[in-house]
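Some notes on the structure that comes next.
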Amino acid sequence: MRVYNTLSKRKEEFVTLEPGKVKMYVCGPTVYNLIHIGNARPMIVFDTARRYLEHKGYEVNYVSNFTDVDDKIIAKANEEGVSSQEISERYIAECQKDMEALNVRPATTHPRATQEIDGMIAMIQTLIDKDYAYDVDGTVYFRTRKFKEYGKLSHKNLDDLRSGSRSLLVTGEDQKEDPLDFVLWKPKKEGEPSWSSPWSDGRPGWHIECSVMSKKYLGEEIDIHAGGEDLIFPHHENEIAQSECCNGKPFAKYWLHNAFLNIDNRKMSKSLGNFFTVREILEKYDAQVLRFFMLSAHYRSPLNFSADLMDAAKNALERIQNAVSNLSYLVENSSTSENAGSGMEKASASEKVAAKTDNIPASDKTISDMADANYGLTAPEQKILVGAKAFETKFDEAMDDDFNTADAIAAVFELVKYANSNLSADNSKELILAVREEIVGLCGILGLIVEEKEELLDADVEALIVERQAARKARNFARADEIRDQLAALGITLLDTREGVKWKRA
Ligand code: AMP
Ligand code: ZN
């Protein structure tokens, strides 16, 4: 697999620090308002990268923060006459609702800046001790000129930056040794949330948060650090400076950045006022349509938002969903391969697959397992199955090429076309089911739900909960999460209580 690394400006072979494990950090939102669909782009594309890495067998430790102390949060709190904490908690909860709707899986850990202040104070102290930072009247600055590699991520020339950034100096910052020095800790102003520190009662700068949370939850060296391309400079450049100077090790191996979601070729942003919240879009479109729209472009290509493109996404997604429900209909109306036309009692397709493959339900089997198991398919049907399998290879090749979801979706469409023209009720249930599972499975890797919502019987829900508990016990968290997602998609919420897991229908 190859990924594009902003650090080297080229695609590189993906090799993890530890075999089979990925440590991944994605910069999360500042929570002072409902998120807009521009903010949803990194959430969706990096959630998809995570799902694909898991599909390839990696165990992914995925950390994404909430920035819950910031000027904008404080301003909003003052505007409403409530505490900053009330604002951030409200919008974290709202953000989580949007993520759930968009089928963005919760991170392994979602740290919040305000709960990690001790770690930030410790890292700032280390930087001061190592002479990489200095305190001027309670404000602590990072001494950028001391870090020789500063600028390596954004590929900026330091002298140009230095002369250009003099004009960026804000009042009160003229005490800096160098215009490129940035704030690690700042003293509080009246009415602001603050924490005591060796330098002043105050609060951390934004950049130090991510260095600290990444170190605490993933370690000093990580595999992937990601976010929108506006974060390359200065945020990620500064994170590298802080982490590498503090830890004396390279910070992240691969730096991944998504391009902007634009409107009329301009970045969608709160400050320009040209944004739609996820909530607004979900009033008009199913959340799956928004997810599909985001994945229809490569994550490093700018994507222009328009009603026409959303309608096109809706139609395209419906074509896949219709193909899947046609196949479900065909499964109901076809015979099993061995019993076709024999008048014998027919085993259900999934029962049959299970019988041949260690009692694992059909839905858990990959197409490869199915082809290998061959479970009684006739030679021509096996050929059709092998033909369908070729699209899985195409899909994987696209995703192996820097998570090219646009080409991966194209492979799904080819498979849909193939299914539509090669399958009919004359085929065996097993074959139809296998091809159906192939489409549903590939879409699932992209986090797209294309199955018709089915009603689950109470007993089925309980069986899945038991399976989920067993998976958790066996530390198979991917399977446990998959079951939770599957239940969530059917409107079933799980509640972990002292008496065990309870569930309710939405
Ligand atoms: P913020 O809350 O502004 O820090 O943004 C949270 C995340 O959303 C960051 O990774 C940003 O780079 C990303 N982001 C913000 N606006 C856009 C946009 N219009 N298109 C793509 N990503 C964006
Ligand atoms: Zn960050």
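By convention here, the chains of the structure tokens are called A, B, ... in the order presented, each chain's residues are numbered starting at 1, and ligands are numbered starting at 1 in the order presented.
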Around ligand 1, at most 10 Å away and counting only C-alpha atoms and all ligand atoms, which residues are there? Put them as JSON, numbers by chain, please.
-> {"A": [26, 27, 28, 29, 30, 31, 32, 33, 34, 35, 36, 37, 38, 39, 40, 41, 42, 43, 65, 66, 67, 206, 226, 227, 228, 229, 230, 231, 232, 235, 257, 258, 259, 260, 261, 262, 263, 266, 267, 268, 269, 270, 271, 274, 275, 299, 300, 302, 303, 304, 305]}
Selection: 7 Å around A:Val331, only C-alpha atoms, excl. self and same-chain fewer than 6 positions, as a list in words |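 Here the qualifying residues turn out to be Lys429, Ile432 and Leu433 of chain A.
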File dump, residues just selected, N, CA, C and O atoms, as a PDB file, in the first residue's frame:
```pdb
ATOM      1  N   LYS A 429     -29.180 -19.658  -4.913  1.00  0.00           N
ATOM      2  CA  LYS A 429     -29.196 -18.702  -3.798  1.00  0.00           C
ATOM      3  C   LYS A 429     -27.779 -18.396  -3.358  1.00  0.00           C
ATOM      4  O   LYS A 429     -27.448 -17.266  -3.043  1.00  0.00           O
ATOM      5  N   ILE A 432     -26.027 -15.879  -5.628  1.00  0.00           N
ATOM      6  CA  ILE A 432     -26.612 -14.532  -5.540  1.00  0.00           C
ATOM      7  C   ILE A 432     -26.246 -13.893  -4.202  1.00  0.00           C
ATOM      8  O   ILE A 432     -25.848 -12.730  -4.125  1.00  0.00           O
ATOM      9  N   LEU A 433     -26.347 -14.707  -3.150  1.00  0.00           N
ATOM     10  CA  LEU A 433     -26.029 -14.203  -1.819  1.00  0.00           C
ATOM     11  C   LEU A 433     -24.556 -13.762  -1.743  1.00  0.00           C
ATOM     12  O   LEU A 433     -24.233 -12.722  -1.172  1.00  0.00           O
TER      13      LEU A 433
END
```
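Among the candidates A:Met294, A:Ile128, A:Val501, A:Ala398, the residue lying nearest to A:Val45 is A:Met294 (atoms considered: only C-alpha atoms).
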Suppose you want the space between atom CA of A:Asp407 and atom CA of A:Phe395; what is it in Å?
->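 The value is 7.3 Å.
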Contact residues around A:Lys56 with only C-alpha atoms at 12 Å, ignoring same-chain residues under 5 positions, as a list in words |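 Here the answer would be Met1, Gly20, Lys21, Val22, Ala49, Arg50, Arg51, Asp396, Glu397, Met399, Asp400, Ile445 and Ala478 of chain A.
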Could you name the residues that touch stretch 68-82 of chain A at 9 Å or less, counting only C-alpha atoms, but leaving out those on the same chain fewer than 4 positions away, as a VMD selection string?
-> chain A and resid 29 to 33 86 to 89 92 112 to 114 191 to 193 203 to 206
Selected residue of minimal separation from ligand 2 among A:Glu237, A:Asp308, A:Glu392, A:Asp426, counting only C-alpha atoms and all ligand atoms =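 Among A:Glu237, A:Asp308, A:Glu392, A:Asp426, it is A:Glu237 that comes nearest to ligand 2.
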For ligand 2, which of A:Val289, A:Ala406, A:Ile124, A:Ile240 is the closest residue, counting only C-alpha atoms and all ligand atoms?
->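 Ranked by minimum distance to ligand 2, first place goes to A:Ile240.
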